[in-house]
Number of protein chains: 2
Amino acid sequence: MRLSHLALAIPALVACSSSGPAGSQAASSSSPALQELMKSRKLSEDDVRAALMTYTPTGRHDEYYLFGSGGHSGQVVVIGIPSMRILKYIAVFTPEPWQGYGYGDQSTKLLAEGRKHDHDLTWADSHHPALSETGGDYDGQFLFINDKANARVAVVDLKDFTTKQIVSTPLIESDHGATFVTPNTEYVIESAQYPAPLGGQYADLKEFKDKYRGAVVLWKFDRAKGRIDRDKSFAIELPPYMQDLADAGKKASEGWLFLNSIDTELAYGGDTEGNVPLEAGASKNDMDYLHVINWKKAEEVANTSGKTTTITGMRVIPLQTAIDEKLLTFIPESKSPHGVDVTPDGNELVVSGKLDTHTTIYSFAKIKALIEAGTYASRDAYGVPVLKLEDTIRGQVDVGLGPLHSQFDDKGNVYTSLFLESSVVKWSLKDLKVIEKVPVHYNVGHIAAAEGDTVSPDGKYLVSMNKWALDRFAPVGPLLPQNFQLIDISGDKMKVVYDLPIPLGEPHYAQIVKADKLHPIDTYPPDTDPLTEQPSPWKVEGGKERIERQPDGVHVYMSAVRSHFTPDIIRVKEGDHVHIHITNLEQSQDATHGFALDGYNIDLSLEPGEHDDVDFVADRAGVFPMYCTEFCSALHLEMAGYFLVEPKK
Amino acid sequence: MRLSHLALAIPALVACSSSGPAGSQAASSSSPALQELMKSRKLSEDDVRAALMTYTPTGRHDEYYLFGSGGHSGQVVVIGIPSMRILKYIAVFTPEPWQGYGYGDQSTKLLAEGRKHDHDLTWADSHHPALSETGGDYDGQFLFINDKANARVAVVDLKDFTTKQIVSTPLIESDHGATFVTPNTEYVIESAQYPAPLGGQYADLKEFKDKYRGAVVLWKFDRAKGRIDRDKSFAIELPPYMQDLADAGKKASEGWLFLNSIDTELAYGGDTEGNVPLEAGASKNDMDYLHVINWKKAEEVANTSGKTTTITGMRVIPLQTAIDEKLLTFIPESKSPHGVDVTPDGNELVVSGKLDTHTTIYSFAKIKALIEAGTYASRDAYGVPVLKLEDTIRGQVDVGLGPLHSQFDDKGNVYTSLFLESSVVKWSLKDLKVIEKVPVHYNVGHIAAAEGDTVSPDGKYLVSMNKWALDRFAPVGPLLPQNFQLIDISGDKMKVVYDLPIPLGEPHYAQIVKADKLHPIDTYPPDTDPLTEQPSPWKVEGGKERIERQPDGVHVYMSAVRSHFTPDIIRVKEGDHVHIHITNLEQSQDATHGFALDGYNIDLSLEPGEHDDVDFVADRAGVFPMYCTEFCSALHLEMAGYFLVEPKK
């Protein structure tokens, strides 16, 4: 529908109210009502349309889920579209007590998997969520997310919206081109960002060219187990260029992988030591290298004995082997790019260099032909073959200032974010012509379109992930939210229809999936450990709750049900090792109980059917209340008991 | 405006489109447009009105802020009204990396203030936020929030929306009637919930009646300093009834304090030990005791030498002294109440017992007269005088099932949440008659009205804080959000106009303040330590950045500005103690930088002008990238450097 029509609605009502028979009386009474509300809230006709496009009445469910990274909150944010209501923050890399995440044995062990360099890591910089795919389409089963700061990858199961695994390799120190999946989620891709000696070794920056390296890790995903298989995963050594964003080929280009890089100048900063600053050094040349990787070939090589070296437990294809096996090729790309995006049909790649006003369209067919023919223009300093730019592209589009990231719709259009212009440009993939631009507020980074990274985008909605909010919202002090703007791309003209402040974290990237692809459970089967998804070995049955003194300490087998913990009194002696095994006996949706033990920093969230364990030493004598932290019933306040620690004689 | 008018708008358009001259053509083209949108999104006329009441176009600011507790997330949530967009999560009791809260020296020290029983506490159960008041009105300066699980109180400064102080006393183990402020914020009130021996001593439950106690703590607030003054704070010993919610008298009742209690039966559970379960034991009697406290008198007593005993550093007025000094009186109240709310004029108290269908209206004048005359009906088991219920009340209202909490508007109406009925009832304070009910979804706990706890409520908006969401939103697994429903109370009929899922935490209570009462800053003066609000003693000036080896380790004086850290290379030796002093030189709004040091679990958020410090041992040799974690500029990815730790020889 065209806005211009709606724009006439209000005057029409007025005109109407002074006219003819039938509904005219109704009209005369109705138009002032509507107009008064519009006037009192200063709403334009555009606003009315936007309101009706996004407002979602009570009980109505959103059509899409947006999964956004949480930046250095370390979490994932889930947003409903078109209402733009935040539905959940999923705890991933950072402890979060409301979810009991990092406060019970299971989740504490899970977070400990993410230790690195013998350090506990209690935060992450989560950047790029990737939904699991089947045949290049989101299948709604799993979500993967990286930690740029510590080069880690987490697996979230969308069955219960909880984190199931965190993997990391000491091979690399940071990542950025992560996470991206291959079309059937065979692999979860993670590429290094800031070069460092592989495996956590020390080398001074003077040895940057020789001893510092980049790498791309291909984490093998075992869909049946719903976990990454570390042993079947491998990496490819790369030159110490800062590998940036990545995308997996699909359809025509399935089996291939594409990585940007942003510092082929090998700059590493150090202006206080007489070097050029990194931001200048890394922008010296006009071109960086698009990395083209044949991952199916790489998989063969990795599985051929003798062709890999093992570094800190990870199989690595050495750079020279990657060259010899012809699985790594470079193509010049506009400097400092921040996005290589494969078109839905897999035939082309769209690359934007954020310091160039052009977006470049590469032809995969041309690239493949040149690689097969071995027609190289040159080699880089490390001997990696380089194709001739002109021979690989279909053309370029002058999109505007600071192009970053491109998404696709169902009509052959491409949408590219323009950071410096604070706008989104829509252009035609067919004839490479700019169609229109829409201003956003402000400094857009990534954008996300409905099913936009798949082989079959939906169009309809685009979300502009603006890094700065400035004056958009009521002030909340010096630390501002980001502003996610929902853009209606269903019509001829792009329309910003909603501004959503992001109240926690600084999301970088998001994917939008059709809601009906997800089938979350609403309760767990009785006594389930959510991490193993199995009945707990520390089984607790209603009627068989008990306290047992065993060689390894006091074991409490406890149940929770509205409005009672059984047992509700626990007596131990100072110094006792205490193991509490607790299960929520409820099987009705939303009947969640929390378990808090005052003074001992213990807090669990027990969803219906969930079993959790917590293990601690009663090192402090005294009387400590324990109670339910979720308002579960009218007698919730009375769902409490006492943990008594008798002092040593 | 009446909805019934608007309800006719759409048919009117249609009728109109088939009629007369003038705007009819416009109408015929406009009505289909609007109708198509309404039809495609299945919007009723009610929905259209609700959408126009809440939709807030880009750049438009909300009229009110709602400050809600975060439940066992330990944080505070800030929501804009009427848009119901979450504007910010404020980190209070739980570390939060996006805000750098708990990851740098200053905030780590702040959180350490909240240690208790020699345990680090990394979560809280934040229950009742209280806005600072002047003359009984919110003044928009400070927010206080309690931790039910560990009996702590935090101070948030609304100048920069950050937490400045956490106080606790080992006197009590848990709280619930917290936080509430006196009309000029002289004191922040915190009352104990689950009785325990005062001061963290051990005593078996068999000694419950004699050795377990309740208490109310009056934390003295120093407005000039913006901090609680521990030394000027004191407590009053109370019987071991579970003190529940509280409210401070205002106007006519200024100088007085009112507390609910919910277990005058002295039940403590232990059904596995042959006792009655707590939820049954605490509900045995029909009546509990409303605690009436003369805090001005208590203040005099506390400041009279010899009238207090000191327990774990806190001055405590013994129960017998409180009785002798006539500063503590009881009145029967319907059992298990969860709300005592003082009317705006301070003349009456509204108390709801959640197991009674009635809400009781107490007259402060009657209460005061009886206390002054010493006309007591009886005394409780501890000798506390008890007034005769009938002599203290004006009447009762049969409001419905499970009444919890009451709020007020500007027209003499009272709104009471009905947990068991899942509805909000509106009744008249004048004639104590029920006016109407509106269903909510589902299980409403507390409610919050615009300026609803002040001497001058605004009316207009009421938020129903529903504990269960069930089917309201697109599913997100077994752990569901809560549902905050915005209710329009401006007209004759209450209307639910918005459903907001709460994606993190389980808020219990909220206050709503007019947005124009707050005046947050948008940048800090150069080199400011946000905790002291003073220039940092570890001054960093642009141009004077440096690395110094000093007796206590390596000191790095670093600056951050788009797009560079100076210095950007730091070389230390394995085992060195490192002190990084870093300041954000920016003075433009929203120019926030983050500082991440990979592998060392270090992450700071540096708002414009902010100075932070971080202190650690370089215990791991290697090459560790450091970079900016906020997308600050087009060259943000290049805002990076290296932290080099040379191995021991």
# chains A, B, ... in the order shown; residues from 1 in each chain; ligands from 1
>>> residues_around(residues="range 128-133 of chain A", least_positions_apart="2", cutoff="7 Å", atoms="only C-alpha atoms", output="list in words")
Phe67, Gly68, Ser69, Ser126, Gly135, Gly136, Asp137, Tyr138, Asp139, Gly140, Gln141, Phe142, Leu143, Phe144, Ile145, Asn146, Ala178, Thr179, Phe180, Val181, Pro183, Asn184, Thr185, His508, Tyr509, Ala510 and Gln511 of chain A
>>> select_by_dssp(residues="range 38-191 of chain A", states="strand (DSSP E or B)", output="PyMOL selection string")
chain A and resi 64-69+71+76-81+85-90+96+101+116+119+126+130-134+137-147+152-157+162-168+175-181+187-191
>>> select_by_dssp(residues="range 276-343 of chain B", states="helix (DSSP H, G or I)", output="ChimeraX atom specification")
/B:278-281,295-302,319-324
>>> residues_around(residues="Lys159 in chain B", least_positions_apart="6", cutoff="8 Å", atoms="only C-alpha atoms", output="VMD selection string")
(chain A and resid 477) or (chain B and resid 141 to 142 518 to 521)
>>> write_last_selection(atoms="C-alpha atoms", output="PDB file, in the first residue's frame")
ATOM      1  CA  GLY A 477      23.458   9.422  31.103  1.00  0.00           C
TER       2      GLY A 477
ATOM      3  CA  GLN B 141      18.070  12.880  41.780  1.00  0.00           C
ATOM      4  CA  PHE B 142      18.738   9.387  43.158  1.00  0.00           C
ATOM      5  CA  LEU B 518      15.606  14.145  35.492  1.00  0.00           C
ATOM      6  CA  HIS B 519      18.592  16.057  34.153  1.00  0.00           C
ATOM      7  CA  PRO B 520      21.266  13.503  33.267  1.00  0.00           C
ATOM      8  CA  ILE B 521      24.656  14.610  31.985  1.00  0.00           C
TER       9      ILE B 521
END
>>> residues_around(residues="Glu610 in chain A", least_positions_apart="3", cutoff="6 Å", atoms="only C-alpha atoms", output="list in words")
Tyr524, Asp527, Thr528, Thr583, Asn584, Leu606 and Glu607 of chain A
>>> write_last_selection(atoms="N, CA and C atoms", output="PDB file, in the first residue's frame")
ATOM      1  N   TYR A 524      10.759 -28.854  30.616  1.00  0.00           N
ATOM      2  CA  TYR A 524      11.686 -29.980  30.458  1.00  0.00           C
ATOM      3  C   TYR A 524      11.016 -31.250  30.962  1.00  0.00           C
ATOM      4  N   ASP A 527      13.058 -33.874  35.962  1.00  0.00           N
ATOM      5  CA  ASP A 527      14.427 -34.078  36.461  1.00  0.00           C
ATOM      6  C   ASP A 527      15.499 -34.011  35.370  1.00  0.00           C
ATOM      7  N   THR A 528      15.341 -33.086  34.428  1.00  0.00           N
ATOM      8  CA  THR A 528      16.285 -32.957  33.318  1.00  0.00           C
ATOM      9  C   THR A 528      17.429 -32.000  33.629  1.00  0.00           C
ATOM     10  N   THR A 583      15.399 -30.290  42.074  1.00  0.00           N
ATOM     11  CA  THR A 583      14.598 -30.405  40.860  1.00  0.00           C
ATOM     12  C   THR A 583      13.276 -29.677  41.029  1.00  0.00           C
ATOM     13  N   ASN A 584      12.822 -29.087  39.952  1.00  0.00           N
ATOM     14  CA  ASN A 584      11.512 -28.439  39.935  1.00  0.00           C
ATOM     15  C   ASN A 584      10.493 -29.472  39.462  1.00  0.00           C
ATOM     16  N   LEU A 606      15.209 -22.598  38.161  1.00  0.00           N
ATOM     17  CA  LEU A 606      14.712 -23.942  37.893  1.00  0.00           C
ATOM     18  C   LEU A 606      13.443 -23.866  37.076  1.00  0.00           C
ATOM     19  N   GLU A 607      13.586 -24.030  35.767  1.00  0.00           N
ATOM     20  CA  GLU A 607      12.413 -24.056  34.913  1.00  0.00           C
ATOM     21  C   GLU A 607      11.655 -25.368  35.160  1.00  0.00           C
TER      22      GLU A 607
END
>>> closest_residue(among="B:Gln35, B:Ser73, B:Ser428, B:Thr56", to="chain A", atoms="only C-alpha atoms")
B:Ser73
>>> residues_around(residues="Gly226 in chain B", least_positions_apart="4", cutoff="10 Å", atoms="only C-alpha atoms", output="list in words")
Gln141, Phe142, Val155, Val156, Asp157, Lys164, Gln165, Phe221 and Asp222 of chain B
>>> residues_around(residues="Ile79 in chain B", least_positions_apart="3", cutoff="6 Å", atoms="only C-alpha atoms", output="ChimeraX atom specification")
/B:65-66,84-87
>>> residues_around(residues="range 553-563 of chain B", least_positions_apart="6", cutoff="10 Å", atoms="only C-alpha atoms", output="PyMOL selection string")
(chain A and resi 277-280) or (chain B and resi 527+538-547+570-573+575-587+591-595+606+608-609+611+613-617+628+631-640)
>>> write_last_selection(atoms="C-alpha atoms", output="short mmCIF file (atom, residue, chain, number, x, y, z; two decimals), in the first residue's frame")
data_model
loop_
_atom_site.label_atom_id
_atom_site.label_comp_id
_atom_site.auth_asym_id
_atom_site.auth_seq_id
_atom_site.Cartn_x
_atom_site.Cartn_y
_atom_site.Cartn_z
CA PRO A 277 49.51 4.57 13.62
CA LEU A 278 47.67 1.36 12.74
CA GLU A 279 44.64 3.17 11.36
CA ALA A 280 46.90 5.00 8.89
CA ASP B 527 39.54 12.64 33.17
CA TRP B 538 46.09 8.97 38.07
CA LYS B 539 45.76 11.94 35.73
CA VAL B 540 46.18 11.25 32.01
CA GLU B 541 46.58 14.22 29.66
CA GLY B 542 46.58 14.11 25.89
CA GLY B 543 50.22 14.45 24.77
CA LYS B 544 51.51 13.20 28.12
CA GLU B 545 50.67 9.52 27.69
CA ARG B 546 53.54 7.32 28.83
CA ILE B 547 54.69 4.02 30.29
CA ILE B 570 52.78 -2.08 25.80
CA ARG B 571 55.80 -4.25 26.55
CA VAL B 572 56.09 -5.88 29.98
CA LYS B 573 57.84 -8.90 31.46
CA GLY B 575 55.19 -11.50 36.35
CA ASP B 576 55.08 -7.72 36.13
CA HIS B 577 52.36 -5.97 38.10
CA VAL B 578 50.61 -3.73 35.57
CA HIS B 579 48.53 -0.64 36.29
CA ILE B 580 46.69 0.78 33.29
CA HIS B 581 45.32 4.29 33.75
CA ILE B 582 43.13 5.18 30.81
CA THR B 583 41.00 8.18 29.91
CA ASN B 584 38.63 8.88 27.06
CA LEU B 585 39.67 12.29 25.71
CA GLU B 586 36.38 12.72 23.82
CA GLN B 587 33.91 15.38 24.91
CA ALA B 591 31.71 8.98 21.76
CA THR B 592 32.19 6.00 24.06
CA HIS B 593 35.20 3.72 23.72
CA GLY B 594 35.68 0.28 25.17
CA PHE B 595 39.03 -1.13 26.19
CA LEU B 606 34.95 4.61 28.78
CA PRO B 608 33.32 10.62 27.02
CA GLY B 609 35.60 12.16 29.68
CA HIS B 611 38.84 7.81 33.50
CA ASP B 613 42.04 2.13 36.05
CA VAL B 614 42.82 -1.55 35.91
CA ASP B 615 45.35 -3.40 37.94
CA PHE B 616 46.60 -6.94 37.23
CA VAL B 617 49.61 -9.25 37.06
CA CYS B 628 38.21 -0.74 21.31
CA PHE B 631 32.01 0.79 17.20
CA CYS B 632 33.29 4.35 17.49
CA SER B 633 34.25 5.33 13.94
CA ALA B 634 34.83 4.07 10.42
CA LEU B 635 38.31 3.00 11.57
CA HIS B 636 37.05 1.38 14.76
CA LEU B 637 38.49 -2.00 13.79
CA GLU B 638 41.89 -0.36 13.51
CA MET B 639 41.62 1.12 17.03
CA ALA B 640 43.83 -1.62 18.42
#
>>> atom_distance(atom1="CA of His358 in chain B", atom2="CA of Gln396 in chain B")
6.1 Å
>>> atom_distance(atom1="CA of Gly445 in chain B", atom2="CA of Ala252 in chain B")
28.5 Å
>>> closest_residue(among="B:Ser233, B:Thr360, B:Thr454, B:Thr392", to="Thr416 in chain B", atoms="only C-alpha atoms")
B:Thr360
>>> closest_residue(among="B:His61, B:Lys388, B:Lys517, B:Lys42", to="chain A", atoms="only C-alpha atoms")
B:His61
>>> closest_residue(among="B:Glu348, B:Asp120, B:Asp409, B:Asp231", to="Trp219 in chain B", atoms="only C-alpha atoms")
B:Asp231
>>> atom_distance(atom1="CA of Leu531 in chain B", atom2="CA of Gly102 in chain B")
12.4 Å
>>> closest_residue(among="B:Leu328, B:Ala618, B:Leu480, B:Ala246", to="chain A", atoms="only C-alpha atoms")
B:Leu480
>>> closest_residue(among="B:Tyr212, B:Tyr103, B:Tyr202, B:Tyr64", to="chain A", atoms="only C-alpha atoms")
B:Tyr202
>>> decode(residues="range 125-136 of chain A", atoms="all heavy atoms", output="PDB file, in the first residue's frame")
ATOM      1  N   ASP A 125      33.231 -10.500  23.817  1.00  0.00           N
ATOM      2  CA  ASP A 125      32.767  -9.500  22.850  1.00  0.00           C
ATOM      3  C   ASP A 125      32.088 -10.262  21.714  1.00  0.00           C
ATOM      4  O   ASP A 125      32.701 -10.605  20.708  1.00  0.00           O
ATOM      5  CB  ASP A 125      33.964  -8.685  22.341  1.00  0.00           C
ATOM      6  CG  ASP A 125      33.535  -7.516  21.449  1.00  0.00           C
ATOM      7  OD1 ASP A 125      32.312  -7.240  21.372  1.00  0.00           O
ATOM      8  OD2 ASP A 125      34.418  -6.896  20.828  1.00  0.00           O
ATOM      9  N   SER A 126      30.807 -10.565  21.939  1.00  0.00           N
ATOM     10  CA  SER A 126      30.093 -11.410  20.969  1.00  0.00           C
ATOM     11  C   SER A 126      29.702 -10.569  19.756  1.00  0.00           C
ATOM     12  O   SER A 126      29.120  -9.491  19.904  1.00  0.00           O
ATOM     13  CB  SER A 126      28.867 -12.046  21.617  1.00  0.00           C
ATOM     14  OG  SER A 126      27.954 -11.059  22.043  1.00  0.00           O
ATOM     15  N   HIS A 127      30.067 -11.039  18.594  1.00  0.00           N
ATOM     16  CA  HIS A 127      29.952 -10.215  17.382  1.00  0.00           C
ATOM     17  C   HIS A 127      28.975 -10.689  16.323  1.00  0.00           C
ATOM     18  O   HIS A 127      28.155  -9.918  15.846  1.00  0.00           O
ATOM     19  CB  HIS A 127      31.330 -10.061  16.744  1.00  0.00           C
ATOM     20  CG  HIS A 127      31.986  -8.772  17.055  1.00  0.00           C
ATOM     21  ND1 HIS A 127      32.342  -7.857  16.101  1.00  0.00           N
ATOM     22  CD2 HIS A 127      32.343  -8.241  18.235  1.00  0.00           C
ATOM     23  CE1 HIS A 127      32.899  -6.801  16.684  1.00  0.00           C
ATOM     24  NE2 HIS A 127      32.905  -7.002  17.980  1.00  0.00           N
ATOM     25  N   HIS A 128      29.092 -11.969  15.932  1.00  0.00           N
ATOM     26  CA  HIS A 128      28.319 -12.404  14.771  1.00  0.00           C
ATOM     27  C   HIS A 128      27.569 -13.694  15.036  1.00  0.00           C
ATOM     28  O   HIS A 128      28.149 -14.774  14.994  1.00  0.00           O
ATOM     29  CB  HIS A 128      29.230 -12.569  13.558  1.00  0.00           C
ATOM     30  CG  HIS A 128      29.991 -11.324  13.235  1.00  0.00           C
ATOM     31  ND1 HIS A 128      31.290 -11.138  13.632  1.00  0.00           N
ATOM     32  CD2 HIS A 128      29.616 -10.194  12.597  1.00  0.00           C
ATOM     33  CE1 HIS A 128      31.694  -9.934  13.238  1.00  0.00           C
ATOM     34  NE2 HIS A 128      30.708  -9.334  12.618  1.00  0.00           N
ATOM     35  N   PRO A 129      26.266 -13.574  15.296  1.00  0.00           N
ATOM     36  CA  PRO A 129      25.460 -14.774  15.465  1.00  0.00           C
ATOM     37  C   PRO A 129      25.181 -15.415  14.098  1.00  0.00           C
ATOM     38  O   PRO A 129      25.009 -14.712  13.099  1.00  0.00           O
ATOM     39  CB  PRO A 129      24.159 -14.232  16.067  1.00  0.00           C
ATOM     40  CG  PRO A 129      24.066 -12.822  15.583  1.00  0.00           C
ATOM     41  CD  PRO A 129      25.477 -12.331  15.393  1.00  0.00           C
ATOM     42  N   ALA A 130      25.187 -16.716  14.067  1.00  0.00           N
ATOM     43  CA  ALA A 130      24.868 -17.437  12.827  1.00  0.00           C
ATOM     44  C   ALA A 130      23.846 -18.519  13.150  1.00  0.00           C
ATOM     45  O   ALA A 130      24.077 -19.360  14.017  1.00  0.00           O
ATOM     46  CB  ALA A 130      26.127 -18.055  12.231  1.00  0.00           C
ATOM     47  N   LEU A 131      22.725 -18.481  12.454  1.00  0.00           N
ATOM     48  CA  LEU A 131      21.702 -19.517  12.609  1.00  0.00           C
ATOM     49  C   LEU A 131      22.115 -20.744  11.814  1.00  0.00           C
ATOM     50  O   LEU A 131      22.692 -20.620  10.726  1.00  0.00           O
ATOM     51  CB  LEU A 131      20.357 -18.996  12.108  1.00  0.00           C
ATOM     52  CG  LEU A 131      19.690 -17.951  13.002  1.00  0.00           C
ATOM     53  CD1 LEU A 131      18.761 -17.056  12.199  1.00  0.00           C
ATOM     54  CD2 LEU A 131      18.946 -18.629  14.153  1.00  0.00           C
ATOM     55  N   SER A 132      21.822 -21.921  12.352  1.00  0.00           N
ATOM     56  CA  SER A 132      22.138 -23.149  11.620  1.00  0.00           C
ATOM     57  C   SER A 132      21.329 -23.183  10.329  1.00  0.00           C
ATOM     58  O   SER A 132      20.216 -22.641  10.264  1.00  0.00           O
ATOM     59  CB  SER A 132      21.832 -24.372  12.475  1.00  0.00           C
ATOM     60  OG  SER A 132      20.468 -24.384  12.857  1.00  0.00           O
ATOM     61  N   GLU A 133      21.924 -23.783   9.301  1.00  0.00           N
ATOM     62  CA  GLU A 133      21.287 -23.828   7.983  1.00  0.00           C
ATOM     63  C   GLU A 133      21.168 -25.258   7.458  1.00  0.00           C
ATOM     64  O   GLU A 133      21.978 -26.118   7.779  1.00  0.00           O
ATOM     65  CB  GLU A 133      22.094 -22.996   6.973  1.00  0.00           C
ATOM     66  CG  GLU A 133      22.148 -21.518   7.295  1.00  0.00           C
ATOM     67  CD  GLU A 133      22.913 -20.704   6.245  1.00  0.00           C
ATOM     68  OE1 GLU A 133      23.267 -21.256   5.182  1.00  0.00           O
ATOM     69  OE2 GLU A 133      23.170 -19.516   6.525  1.00  0.00           O
ATOM     70  N   THR A 134      20.136 -25.475   6.676  1.00  0.00           N
ATOM     71  CA  THR A 134      19.968 -26.709   5.913  1.00  0.00           C
ATOM     72  C   THR A 134      19.655 -26.295   4.479  1.00  0.00           C
ATOM     73  O   THR A 134      18.707 -25.536   4.263  1.00  0.00           O
ATOM     74  CB  THR A 134      18.812 -27.560   6.483  1.00  0.00           C
ATOM     75  OG1 THR A 134      19.113 -27.903   7.838  1.00  0.00           O
ATOM     76  CG2 THR A 134      18.628 -28.833   5.672  1.00  0.00           C
ATOM     77  N   GLY A 135      20.499 -26.725   3.561  1.00  0.00           N
ATOM     78  CA  GLY A 135      20.308 -26.324   2.162  1.00  0.00           C
ATOM     79  C   GLY A 135      20.388 -24.816   1.979  1.00  0.00           C
ATOM     80  O   GLY A 135      19.741 -24.248   1.110  1.00  0.00           O
ATOM     81  N   GLY A 136      21.163 -24.141   2.831  1.00  0.00           N
ATOM     82  CA  GLY A 136      21.349 -22.699   2.683  1.00  0.00           C
ATOM     83  C   GLY A 136      20.222 -21.863   3.277  1.00  0.00           C
ATOM     84  O   GLY A 136      20.241 -20.640   3.195  1.00  0.00           O
TER      85      GLY A 136
END
